[in-house]
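Heads up, run-v1.cif below (mmCIF, C-alpha atoms):
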data_coords
loop_
_atom_site.label_atom_id
_atom_site.label_comp_id
_atom_site.auth_asym_id
_atom_site.auth_seq_id
_atom_site.Cartn_x
_atom_site.Cartn_y
_atom_site.Cartn_z
CA MET A 1 123.67 -9.95 -48.01
CA ALA A 2 125.06 -10.02 -44.45
CA GLN A 3 125.94 -6.67 -42.94
CA TYR A 4 128.20 -5.95 -40.00
CA LYS A 5 128.69 -3.23 -37.44
CA ARG A 6 132.22 -2.14 -36.61
CA GLU A 7 131.65 -2.79 -32.93
CA THR A 8 130.70 -6.38 -33.68
CA LEU A 9 133.77 -6.92 -35.85
CA GLU A 10 136.08 -5.37 -33.29
CA GLY A 11 134.85 -7.94 -30.76
CA LYS A 12 136.02 -10.83 -32.95
CA THR A 13 139.45 -12.41 -32.92
CA VAL A 14 141.83 -11.94 -35.85
CA ARG A 15 141.39 -15.61 -36.71
CA ASP A 16 137.60 -15.22 -36.86
CA LEU A 17 137.95 -12.12 -39.03
CA ARG A 18 140.28 -13.90 -41.45
CA GLN A 19 137.77 -16.70 -41.81
CA LEU A 20 135.05 -14.14 -42.35
CA VAL A 21 136.84 -12.31 -45.20
CA VAL A 22 137.38 -15.62 -46.95
CA LYS A 23 133.69 -16.46 -46.48
CA LEU A 24 132.70 -13.04 -47.86
CA GLY A 25 134.98 -13.45 -50.87
CA ILE A 26 137.19 -10.48 -50.02
CA VAL A 27 140.58 -11.46 -51.34
CA GLY A 28 144.03 -10.29 -50.27
CA TYR A 29 143.25 -9.62 -46.61
CA THR A 30 143.91 -12.86 -44.77
CA LYS A 31 147.39 -11.77 -43.69
CA LYS A 32 146.49 -8.16 -42.93
CA PRO A 33 146.23 -6.66 -39.43
CA LYS A 34 142.90 -6.67 -37.64
CA ASP A 35 142.00 -3.02 -38.35
CA VAL A 36 142.69 -3.36 -42.05
CA ILE A 37 140.54 -6.48 -42.27
CA ILE A 38 137.72 -4.71 -40.43
CA ASP A 39 137.96 -1.73 -42.81
CA ALA A 40 137.78 -4.07 -45.78
CA ILE A 41 134.67 -5.82 -44.42
CA MET A 42 133.05 -2.50 -43.51
CA ALA A 43 133.71 -1.14 -46.99
CA LYS A 44 131.68 -3.94 -48.59
CA HIS A 45 129.35 -5.17 -45.89
CA GLY A 46 129.34 -2.45 -43.24
CA VAL A 47 126.44 -0.61 -41.67
CA ALA A 48 126.72 2.72 -39.88
CA GLY A 49 127.42 2.66 -36.16
CA SER A 50 128.92 5.10 -33.69
CA ILE A 51 132.19 6.87 -34.43
CA SER A 52 134.40 6.42 -31.43
CA THR A 53 137.68 7.78 -32.73
CA ALA A 54 136.18 10.64 -34.72
CA ALA A 55 133.96 11.59 -31.81
CA MET A 56 136.98 11.70 -29.56
CA VAL A 57 138.73 13.97 -32.06
CA SER A 58 135.72 16.26 -32.31
CA ASP A 59 135.18 16.46 -28.56
CA SER A 60 138.77 17.31 -27.94
CA GLY A 61 138.55 20.26 -30.29
CA LEU A 62 141.78 19.39 -32.07
CA SER A 63 142.83 20.88 -35.39
CA GLY A 64 142.89 18.74 -38.52
CA VAL A 65 146.63 18.14 -38.34
CA GLU A 66 146.51 17.21 -34.66
CA ALA A 67 143.52 14.98 -35.27
CA THR A 68 145.36 13.04 -37.95
CA PHE A 69 148.26 12.53 -35.60
CA GLN A 70 145.88 11.45 -32.86
CA SER A 71 144.31 8.82 -35.10
CA SER A 72 147.74 7.46 -35.96
CA ILE A 73 148.92 7.07 -32.41
CA THR A 74 145.79 5.14 -31.49
CA LYS A 75 147.14 2.36 -33.72
CA PRO A 76 150.84 2.21 -32.84
CA ASP A 77 151.03 -1.47 -33.69
CA LEU A 78 150.32 -0.88 -37.37
CA ALA A 79 152.93 -0.13 -39.96
CA LYS A 80 152.75 3.41 -41.39
CA ARG A 81 151.57 2.08 -44.75
CA ASP A 82 148.66 0.25 -43.11
CA ARG A 83 147.76 3.19 -40.89
CA LEU A 84 147.50 5.40 -43.95
CA SER A 85 145.40 2.83 -45.78
CA THR A 86 142.78 2.95 -43.03
CA THR A 87 142.35 6.72 -43.13
CA ILE A 88 140.53 8.85 -45.66
CA GLN A 89 141.33 12.35 -46.85
CA VAL A 90 138.48 14.63 -45.79
CA SER A 91 138.37 18.29 -46.83
CA CYS A 92 136.16 21.30 -46.46
CA GLY A 93 137.24 24.71 -47.69
CA ALA A 94 140.86 25.31 -46.71
CA SER A 95 140.73 22.58 -44.04
CA THR A 96 141.89 19.09 -44.80
CA GLY A 97 143.18 16.03 -42.99
CA ARG A 98 143.22 12.24 -42.92
CA PHE A 99 140.75 10.59 -40.57
CA PRO A 100 139.93 6.97 -39.63
CA VAL A 101 136.41 7.05 -41.04
CA THR A 102 136.38 4.06 -43.40
CA GLY A 103 133.04 2.26 -43.07
CA ARG A 104 131.21 5.40 -41.86
CA SER A 105 128.54 7.25 -43.77
CA VAL A 106 129.13 10.69 -45.28
CA ALA A 107 126.46 12.15 -42.98
CA GLU A 108 128.15 10.73 -39.88
CA VAL A 109 131.54 12.06 -40.87
CA GLY A 110 130.11 15.49 -41.62
CA GLU A 111 128.50 15.60 -38.20
CA PHE A 112 131.53 14.46 -36.25
CA LEU A 113 134.07 16.56 -38.13
CA ARG A 114 131.82 19.62 -38.22
CA GLU A 115 133.91 21.63 -35.79
CA VAL A 116 137.30 20.29 -36.83
CA LEU A 117 136.80 21.06 -40.53
CA ASN A 118 134.18 23.81 -40.15
CA VAL A 119 131.63 21.83 -42.19
CA ASP A 120 128.46 23.73 -42.98
CA LYS A 121 125.27 21.90 -41.93
CA LEU A 122 123.90 22.10 -45.47
CA SER A 123 127.12 21.00 -47.18
CA SER A 124 126.78 18.06 -49.52
CA GLY A 125 129.55 15.53 -49.86
CA LEU A 126 131.65 14.69 -52.90
CA ILE A 127 133.48 11.40 -53.16
CA ASN A 128 136.40 11.61 -55.57
CA GLY A 129 134.74 14.70 -57.07
CA LYS A 130 131.28 13.20 -57.55
CA GLU A 131 128.19 13.94 -55.48
CA VAL A 132 126.99 11.04 -53.34
CA PRO A 133 123.98 10.55 -51.04
CA ALA A 134 124.47 11.23 -47.34
CA ASP A 135 124.19 7.52 -46.52
CA TYR A 136 127.12 6.57 -48.76
CA ILE A 137 129.54 4.36 -46.81
CA LEU A 138 133.18 5.42 -47.14
CA LYS A 139 135.71 2.88 -48.33
CA ALA A 140 139.49 2.77 -48.59
CA GLY A 141 140.80 5.02 -51.34
CA ASP A 142 137.89 7.46 -51.19
CA ASN A 143 138.55 11.19 -51.02
CA LEU A 144 135.72 13.07 -49.33
CA GLU A 145 135.08 16.77 -49.76
CA PHE A 146 132.31 18.73 -48.09
CA LEU A 147 131.41 21.69 -50.28
CA LYS A 148 131.98 25.03 -48.65
CA PRO A 149 129.79 27.91 -49.84
CA ALA A 150 131.49 30.60 -51.90
CA GLY A 151 132.36 33.89 -50.23
CA LYS A 152 129.67 36.44 -50.93
CA LYS A 153 131.38 39.77 -50.29
CA GLY A 154 134.15 41.49 -52.12
CA MET B 155 144.34 40.72 -74.40
CA ASN B 156 140.93 42.04 -73.43
CA ILE B 157 140.60 42.26 -69.64
CA VAL B 158 137.39 43.11 -67.81
CA ILE B 159 137.35 43.78 -64.08
CA ILE B 160 133.83 43.79 -62.61
CA GLY B 161 133.54 45.28 -59.13
CA LEU B 162 136.04 47.79 -57.75
CA GLY B 163 135.44 47.51 -54.04
CA GLY B 164 137.67 45.80 -51.50
CA ILE B 165 139.00 43.12 -53.86
CA GLY B 166 138.75 44.87 -57.23
CA SER B 167 140.41 48.13 -56.21
CA ILE B 168 143.48 46.16 -55.09
CA LEU B 169 143.45 43.68 -57.97
CA CYS B 170 143.19 46.15 -60.86
CA GLU B 171 146.46 47.89 -60.10
CA ARG B 172 148.35 44.59 -59.68
CA ILE B 173 147.03 43.27 -62.99
CA ALA B 174 147.77 46.58 -64.73
CA ARG B 175 151.34 46.62 -63.43
CA TYR B 176 151.94 43.06 -64.62
CA ILE B 177 150.36 43.72 -68.01
CA LYS B 178 152.33 46.90 -68.60
CA TYR B 179 155.76 45.60 -67.62
CA SER B 180 155.64 41.82 -68.13
CA GLY B 181 152.64 40.87 -70.21
CA ASP B 182 150.91 42.45 -73.18
CA PRO B 183 151.37 46.25 -73.15
CA GLY B 184 148.74 46.52 -75.90
CA ALA B 185 146.09 44.98 -73.67
CA LYS B 186 142.77 46.70 -72.99
CA ILE B 187 141.43 46.89 -69.47
CA LEU B 188 137.78 47.74 -68.81
CA LEU B 189 136.73 48.61 -65.26
CA VAL B 190 133.05 48.09 -64.39
CA ASP B 191 131.14 49.28 -61.33
CA GLY B 192 127.96 51.29 -60.71
CA ASP B 193 128.86 52.14 -57.12
CA SER B 194 130.70 55.22 -55.80
CA TYR B 195 133.63 55.64 -53.46
CA GLU B 196 132.74 57.18 -50.13
CA PRO B 197 134.87 58.10 -47.11
CA LYS B 198 133.76 54.90 -45.33
CA ASN B 199 135.55 52.88 -48.05
CA TYR B 200 139.03 54.18 -47.13
CA GLU B 201 139.43 51.39 -44.57
CA ARG B 202 139.69 48.70 -47.27
CA GLN B 203 139.71 50.26 -50.74
CA ASP B 204 142.44 52.01 -52.73
CA PHE B 205 141.26 55.22 -54.43
CA THR B 206 142.27 58.89 -54.70
CA ARG B 207 138.95 60.76 -54.77
CA MET B 208 135.19 60.37 -54.34
CA GLY B 209 133.04 59.45 -57.35
CA ASN B 210 132.01 56.49 -59.45
CA LYS B 211 134.38 53.62 -58.69
CA ALA B 212 135.01 52.61 -62.30
CA GLU B 213 135.71 56.18 -63.42
CA VAL B 214 137.90 57.04 -60.44
CA LYS B 215 140.01 53.89 -60.75
CA ALA B 216 140.32 54.25 -64.53
CA ALA B 217 141.63 57.80 -64.05
CA ASP B 218 144.03 56.63 -61.32
CA MET B 219 145.37 53.84 -63.51
CA LYS B 220 145.79 56.02 -66.60
CA MET B 221 147.92 58.31 -64.47
CA GLN B 222 149.94 55.50 -62.98
CA PHE B 223 150.31 53.36 -66.12
CA SER B 224 150.11 55.98 -68.85
CA SER B 225 150.54 53.74 -71.89
CA LEU B 226 147.82 51.26 -70.93
CA ASP B 227 144.40 51.39 -72.58
CA VAL B 228 142.08 51.63 -69.54
CA GLY B 229 138.35 52.26 -69.96
CA SER B 230 135.45 52.57 -67.54
CA PHE B 231 131.85 51.37 -67.55
CA PRO B 232 130.11 53.19 -64.66
CA SER B 233 127.13 50.83 -64.21
CA PHE B 234 126.35 47.59 -62.44
CA VAL B 235 126.39 44.54 -64.71
CA ASN B 236 122.85 43.53 -65.61
CA GLU B 237 121.08 41.42 -68.23
CA THR B 238 120.94 44.34 -70.66
CA ASN B 239 124.58 45.40 -70.65
CA THR B 240 126.47 42.12 -70.14
CA GLY B 241 126.97 41.68 -73.88
CA HIS B 242 128.50 45.13 -74.18
CA ILE B 243 130.94 44.45 -71.38
CA ILE B 244 132.06 40.86 -72.00
CA LYS B 245 133.24 39.79 -75.45
CA GLU B 246 134.48 36.54 -76.94
CA GLY B 247 137.99 35.81 -75.68
CA SER B 248 137.80 38.18 -72.74
CA ILE B 249 139.55 37.55 -69.46
CA VAL B 250 137.01 38.51 -66.80
CA PHE B 251 137.85 39.17 -63.16
CA MET B 252 134.74 39.26 -61.03
CA CYS B 253 135.13 40.97 -57.66
CA VAL B 254 131.51 41.65 -56.79
CA ASP B 255 129.71 41.44 -53.46
CA ASN B 256 126.59 39.50 -54.47
CA HIS B 257 125.71 36.10 -55.89
CA PRO B 258 123.05 37.26 -58.41
CA THR B 259 125.77 39.05 -60.39
CA ARG B 260 128.05 35.99 -60.18
CA ARG B 261 125.26 33.84 -61.57
CA LEU B 262 124.39 36.33 -64.33
CA VAL B 263 127.99 36.59 -65.54
CA SER B 264 128.58 32.84 -65.28
CA TYR B 265 125.46 32.13 -67.34
CA TYR B 266 126.50 34.70 -69.93
CA CYS B 267 130.02 33.29 -70.20
CA LYS B 268 128.55 29.82 -70.76
CA GLN B 269 127.01 31.12 -73.98
CA LEU B 270 130.39 32.18 -75.36
CA ASN B 271 132.95 29.97 -77.06
CA ASP B 272 136.15 31.20 -75.44
CA ILE B 273 136.24 32.88 -72.07
CA ILE B 274 138.23 32.91 -68.86
CA LEU B 275 136.30 33.95 -65.76
CA ILE B 276 138.09 34.33 -62.43
CA SER B 277 135.70 35.09 -59.58
CA GLY B 278 136.62 35.88 -55.98
CA GLY B 279 134.59 36.36 -52.83
CA ASN B 280 135.09 36.40 -49.11
CA GLU B 281 133.52 36.43 -45.69
CA LEU B 282 135.22 38.13 -42.75
CA THR B 283 138.36 35.96 -42.55
CA ASP B 284 138.03 33.35 -45.28
CA GLY B 285 137.18 33.21 -48.95
CA ASN B 286 137.54 31.48 -52.27
CA VAL B 287 138.45 31.97 -55.91
CA GLN B 288 136.72 30.10 -58.75
CA ILE B 289 138.22 29.65 -62.20
CA TYR B 290 135.87 29.03 -65.11
CA VAL B 291 137.59 28.30 -68.42
CA ARG B 292 135.70 27.66 -71.64
CA LYS B 293 137.51 26.88 -74.91
CA SER B 294 135.97 26.33 -78.34
CA GLY B 295 132.51 26.06 -76.80
CA VAL B 296 133.52 23.42 -74.25
CA ASP B 297 133.78 23.85 -70.50
CA ILE B 298 137.31 23.03 -69.39
CA THR B 299 136.46 23.74 -65.75
CA PRO B 300 133.00 23.92 -64.11
CA ASP B 301 131.00 27.16 -64.27
CA LEU B 302 130.47 29.13 -61.07
CA CYS B 303 127.11 27.52 -60.28
CA SER B 304 128.01 23.85 -60.78
CA TYR B 305 129.24 23.16 -57.25
CA HIS B 306 127.74 26.19 -55.57
CA PRO B 307 123.95 26.02 -55.10
CA GLU B 308 124.14 29.29 -53.15
CA ILE B 309 125.18 31.00 -56.42
CA GLU B 310 122.70 29.05 -58.55
CA THR B 311 119.87 30.03 -56.18
CA PRO B 312 121.03 33.18 -54.40
CA ASP B 313 119.38 34.43 -51.24
CA ASP B 314 120.69 37.97 -51.70
CA LYS B 315 119.79 40.73 -54.14
CA HIS B 316 121.39 42.27 -57.22
CA PRO B 317 122.52 45.84 -56.34
CA GLU B 318 119.96 47.31 -58.76
CA GLU B 319 117.18 45.57 -56.79
CA MET B 320 118.32 47.01 -53.48
CA THR B 321 116.94 50.11 -51.80
CA CYS B 322 119.22 52.98 -50.79
CA GLU B 323 118.93 51.83 -47.19
CA GLU B 324 119.95 48.28 -48.13
CA LEU B 325 122.88 49.56 -50.18
CA ALA B 326 124.04 51.71 -47.28
CA ILE B 327 124.24 48.69 -44.97
CA SER B 328 127.56 46.94 -45.32
CA GLU B 329 128.67 43.95 -43.31
CA PRO B 330 132.11 44.20 -41.75
CA GLN B 331 135.02 43.11 -43.91
CA LEU B 332 138.74 42.92 -43.40
CA TYR B 333 141.26 44.57 -45.73
CA PHE B 334 143.64 41.62 -45.38
CA THR B 335 140.93 39.18 -46.50
CA ASN B 336 140.20 41.27 -49.60
CA LEU B 337 143.94 41.44 -50.24
CA THR B 338 144.25 37.64 -49.99
CA VAL B 339 141.41 37.09 -52.48
CA ALA B 340 143.03 39.57 -54.89
CA THR B 341 146.36 37.76 -54.52
CA PHE B 342 144.84 34.36 -55.30
CA MET B 343 143.02 35.86 -58.29
CA CYS B 344 146.40 37.11 -59.57
CA GLN B 345 147.79 33.62 -58.98
CA ALA B 346 144.89 32.14 -60.97
CA PHE B 347 145.53 34.64 -63.79
CA TYR B 348 149.21 33.73 -63.94
CA ASN B 349 148.52 29.99 -64.03
CA VAL B 350 145.60 30.00 -66.43
CA VAL B 351 146.44 32.86 -68.80
CA ILE B 352 150.21 33.02 -68.77
CA LYS B 353 151.20 29.40 -68.00
CA GLN B 354 148.11 27.89 -69.70
CA GLN B 355 147.45 25.55 -66.74
CA CYS B 356 143.93 25.08 -65.49
CA GLU B 357 143.92 21.79 -63.59
CA LYS B 358 142.71 23.41 -60.37
CA SER B 359 139.46 25.32 -60.56
CA GLU B 360 138.86 26.51 -57.02
CA ILE B 361 141.06 27.87 -54.26
CA TYR B 362 139.93 28.20 -50.64
CA PHE B 363 141.76 30.03 -47.90
CA ASP B 364 141.23 30.65 -44.21
CA MET B 365 143.25 33.40 -42.57
CA LEU B 366 142.63 32.21 -39.00
CA GLN B 367 144.01 28.78 -39.87
CA MET B 368 146.72 30.34 -42.05
CA ALA B 369 145.76 27.70 -44.62
CA ALA B 370 144.86 27.50 -48.30
CA ARG B 371 143.86 24.60 -50.53
CA ALA B 372 143.34 24.27 -54.28
CA GLN B 373 140.72 21.85 -55.60
CA THR B 374 140.32 20.09 -58.94
CA ARG B 375 136.71 19.73 -60.01
CA ILE B 376 135.01 17.60 -62.64
CA VAL B 377 132.89 19.34 -65.29
CA LYS B 378 129.37 17.99 -64.80
CA SER B 379 127.74 16.52 -67.89
CA LYS B 380 124.26 17.80 -68.74
#
Using C-alpha cells, write down the structure from this file.
Amino acid sequence: MAQYKRETLEGKTVRDLRQLVVKLGIVGYTKKPKDVIIDAIMAKHGVAGSISTAAMVSDSGLSGVEATFQSSITKPDLAKRDRLSTTIQVSCGASTGRFPVTGRSVAEVGEFLREVLNVDKLSSGLINGKEVPADYILKAGDNLEFLKPAGKKG
Amino acid sequence: MNIVIIGLGGIGSILCERIARYIKYSGDPGAKILLVDGDSYEPKNYERQDFTRMGNKAEVKAADMKMQFSSLDVGSFPSFVNETNTGHIIKEGSIVFMCVDNHPTRRLVSYYCKQLNDIILISGGNELTDGNVQIYVRKSGVDITPDLCSYHPEIETPDDKHPEEMTCEELAISEPQLYFTNLTVATFMCQAFYNVVIKQQCEKSEIYFDMLQMAARAQTRIVKSK
C-alpha cells in the first residue's frame, strides 16, 4: 500500500490531491479544502514526518488555549467547521487543547506537546480511552490522552 | 451509611470534618464514620493539618469530631492499613475515602475492594501544586469504574514504601506540600462523594487539577476487561 508524507502532499496542487483521494478510494473528499484532503490521506496512508505547526507551538512556549488559537489562525481560509475537523483533542492531567496533529504518531505528539501539556516522558497514550502503541497514527475524530501519574502525597 | 476515612494528614484532616458536617445536617445522621491512621500529629503538621492536640491522628480527630458533631457515631482505628487489618476496616457497602501519602497503601486497598461486591472508593493524592482524585465504584461484584491500578502503573508497581516498611528516619523526612493543594484534593473528593453517593452518578472516574494553571478536568475511563 502506498504511503505518503505530509510534506509531499502539501507540495501537490488541490487538483492532484483530489485525483489522489479518488485513486485511493477515499470517498467524500473531492470537494474539500486542501488541508482536509491531506488529513484524510494521512489518516489512511500517512507516514510520520516532522511536525511543523506543533513544533512552532512548543517552541513558542504557548499555553494550550493559546496554542489552539494559533493553530486556527494559521488556516484563516478554512471554515470553522473544517478547521475543527483537522484538529484533535489532546489531554494530559488538567491540561487539554485541540491541536493540528492528524497524521502524526502518538510518540511525536507526546514529544512536541511535552511542555505545553506537561506530558511525562513515560506517559502512555490512550486513543478514545484505549491504549495504543506509540507509533499509532492519529486520525480525524480521535481523542488522545496522555496518562498523568497519580499524586503520591496527601 | 458506613464511611471509612483512611489517612488523616493534609487531605484527610480537612476532608473528615466536611464529610461529617454534610452527613450530620444533610445526609444520613445515623451514619458511622471510622477514622484510620497509624501516624501522630506533631507541631510540624500545623502548617497544613487541622487538629487540636498532639497524639495519634485517628484518635485526635475522632475526639475533635465527637465534640463538634456530638450525635455522629465516629470511631478511630489508630494503625496503618495493612494486609492483616484491611478486612476489619473495610466492609461490604462501605464508602472509603483514601487520603494516604503512599502508593503501596492505595494498591492494597484497591485490591481488597476488588474482592468485595459493593464498594465505593474515592482516593486522592497530590504533588506540590497539582493532584488527582480517582473514583472506584463496584456494584454487585462488577466494576462500574476502573480500579485504582488500571490506568496507573505507578500504583500497580509502586516505587515507594508502605509506612510500616519505613525507618524512623524515612518517616521523619517529608517532602514539601502546600495546604491549598491538600484543600483542593479534599474539595474534589467531596465533589466525587456528592456525585457518586448522593446523586448516584459515576460517569467520570478521575479528576485532575493544576493550581498553577487554575485548571481542572474530569475524565471518563473504560473498565478494562481481564
For the structure shown, which residues end up in the PyMOL selection byres ((chain B) within 6 of (chain A))? Put them as a short mmCIF file (atom, residue, chain, number, x, y, z; two decimals) with C-alpha atoms, in the coordinates of the input, please?
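File written: out-v4.cif
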data_model
loop_
_atom_site.label_atom_id
_atom_site.label_comp_id
_atom_site.auth_asym_id
_atom_site.auth_seq_id
_atom_site.Cartn_x
_atom_site.Cartn_y
_atom_site.Cartn_z
CA GLY B 164 137.67 45.80 -51.50
CA ILE B 165 139.00 43.12 -53.86
CA CYS B 253 135.13 40.97 -57.66
CA VAL B 254 131.51 41.65 -56.79
CA ASP B 255 129.71 41.44 -53.46
CA ASN B 256 126.59 39.50 -54.47
CA GLY B 279 134.59 36.36 -52.83
CA ASN B 280 135.09 36.40 -49.11
CA GLU B 281 133.52 36.43 -45.69
CA GLY B 285 137.18 33.21 -48.95
CA TYR B 362 139.93 28.20 -50.64
CA PHE B 363 141.76 30.03 -47.90
CA ASP B 364 141.23 30.65 -44.21
CA ALA B 369 145.76 27.70 -44.62
CA ALA B 370 144.86 27.50 -48.30
CA ARG B 371 143.86 24.60 -50.53
#
Which residues are near Asp135 in chain A? Cut-off 9 Å, only C-alpha atoms, ignore same chain within fewer than 4 positions. Put them as a short mmCIF file (atom, residue, chain, number, x, y, z; two decimals) with C-alpha atoms, in the coordinates of the input.
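The resulting part09.cif:
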data_model
loop_
_atom_site.label_atom_id
_atom_site.label_comp_id
_atom_site.auth_asym_id
_atom_site.auth_seq_id
_atom_site.Cartn_x
_atom_site.Cartn_y
_atom_site.Cartn_z
CA ALA A 48 126.72 2.72 -39.88
CA ARG A 104 131.21 5.40 -41.86
CA SER A 105 128.54 7.25 -43.77
CA VAL A 106 129.13 10.69 -45.28
CA ALA A 107 126.46 12.15 -42.98
CA GLU A 108 128.15 10.73 -39.88
#
In Å, rounded to a single decimal, give me how far CA of Leu162 in chain B is from CA of Gly209 in chain B.
12.0 Å
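Excluding range 339-350 of chain B itself and same-chain residues fewer than 4 positions from it, the residues having an atom within 7 Å of it are B:Ile165, B:Ile168, B:Leu169, B:Ile276, B:Gly278, B:Gly279, B:Gly285, B:Asn286, B:Val287, B:Thr335, B:Gln354, B:Gln355, B:Cys356, counting all atoms listed in the file.
Nearest to Met252 in chain B of all the residues B:Thr374, B:Asn239, B:Ser167, B:Thr299 is B:Ser167, counting only C-alpha atoms.
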Length of the CA of Asn236 in chain B to CA of Arg175 in chain B vector [Å]:
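Between CA of Asn236 in chain B and CA of Arg175 in chain B the gap works out to 28.7 Å.
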Taking 4 positions as the minimum chain separation for residues in the same chain, which residues sit within 12 Å of Lys31 in chain A when counting all atoms listed in the file? Answer as a PyMOL selection string.
chain A and resi 14-15+17-19+21-22+27+35-37
Atomic distance CA of Gly181 in chain B - CA of Met155 in chain B, expressed in Å with one decimal
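According to the coordinates, CA of Gly181 in chain B and CA of Met155 in chain B are separated by 9.3 Å.
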Residue with the minimum atom-to-atom distance to Ala326 in chain B, picked from B:Ser264, B:Gln288, B:Asn199, B:Thr338 with all atoms listed in the file counted, is B:Asn199
Need the shell around Arg98 in chain A: protein/DNA/RNA residues with any atom at most 7 Å away, counting all atoms listed in the file. Skip same-chain ones fewer than 4 positions apart. Format as a PyMOL selection string?
chain A and resi 68+87-90
Would you list the residues near (126.7, 40.0, -70.4), meaning any protein, DNA or RNA residue with an atom at most 12 Å from that point in file coordinates, counting all atoms listed in the file, as a PDB file with C-alpha atoms, in the frame of the given file?
ATOM      1  CA  VAL B 158     137.390  43.110 -67.810  1.00  0.00           C
ATOM      2  CA  ILE B 160     133.830  43.790 -62.610  1.00  0.00           C
ATOM      3  CA  VAL B 190     133.050  48.090 -64.390  1.00  0.00           C
ATOM      4  CA  PHE B 234     126.350  47.590 -62.440  1.00  0.00           C
ATOM      5  CA  VAL B 235     126.390  44.540 -64.710  1.00  0.00           C
ATOM      6  CA  ASN B 236     122.850  43.530 -65.610  1.00  0.00           C
ATOM      7  CA  GLU B 237     121.080  41.420 -68.230  1.00  0.00           C
ATOM      8  CA  THR B 238     120.940  44.340 -70.660  1.00  0.00           C
ATOM      9  CA  ASN B 239     124.580  45.400 -70.650  1.00  0.00           C
ATOM     10  CA  THR B 240     126.470  42.120 -70.140  1.00  0.00           C
ATOM     11  CA  GLY B 241     126.970  41.680 -73.880  1.00  0.00           C
ATOM     12  CA  HIS B 242     128.500  45.130 -74.180  1.00  0.00           C
ATOM     13  CA  ILE B 243     130.940  44.450 -71.380  1.00  0.00           C
ATOM     14  CA  ILE B 244     132.060  40.860 -72.000  1.00  0.00           C
ATOM     15  CA  LYS B 245     133.240  39.790 -75.450  1.00  0.00           C
ATOM     16  CA  GLU B 246     134.480  36.540 -76.940  1.00  0.00           C
ATOM     17  CA  SER B 248     137.800  38.180 -72.740  1.00  0.00           C
ATOM     18  CA  VAL B 250     137.010  38.510 -66.800  1.00  0.00           C
ATOM     19  CA  THR B 259     125.770  39.050 -60.390  1.00  0.00           C
ATOM     20  CA  ARG B 260     128.050  35.990 -60.180  1.00  0.00           C
ATOM     21  CA  ARG B 261     125.260  33.840 -61.570  1.00  0.00           C
ATOM     22  CA  LEU B 262     124.390  36.330 -64.330  1.00  0.00           C
ATOM     23  CA  VAL B 263     127.990  36.590 -65.540  1.00  0.00           C
ATOM     24  CA  SER B 264     128.580  32.840 -65.280  1.00  0.00           C
ATOM     25  CA  TYR B 265     125.460  32.130 -67.340  1.00  0.00           C
ATOM     26  CA  TYR B 266     126.500  34.700 -69.930  1.00  0.00           C
ATOM     27  CA  CYS B 267     130.020  33.290 -70.200  1.00  0.00           C
ATOM     28  CA  LYS B 268     128.550  29.820 -70.760  1.00  0.00           C
ATOM     29  CA  GLN B 269     127.010  31.120 -73.980  1.00  0.00           C
ATOM     30  CA  LEU B 270     130.390  32.180 -75.360  1.00  0.00           C
TER      31      LEU B 270
END
Can you turn the PyMOL selection byres ((chain B and resi 330) around 9) into a concrete residue list for this file, as a compact mmCIF listing (two decimals) with C-alpha atoms, keeping the file's coordinate frame?
# COMPACT_ATOMS: atom_id res chain seq x y z
CA GLU B 281 133.52 36.43 -45.69
CA LEU B 282 135.22 38.13 -42.75
CA SER B 328 127.56 46.94 -45.32
CA GLU B 329 128.67 43.95 -43.31
CA GLN B 331 135.02 43.11 -43.91
CA LEU B 332 138.74 42.92 -43.40
Of B:Asn210, B:Ser180, B:Asn336, B:Ser194, the one sitting nearest Asp284 in chain B when using all atoms listed in the file is B:Asn336
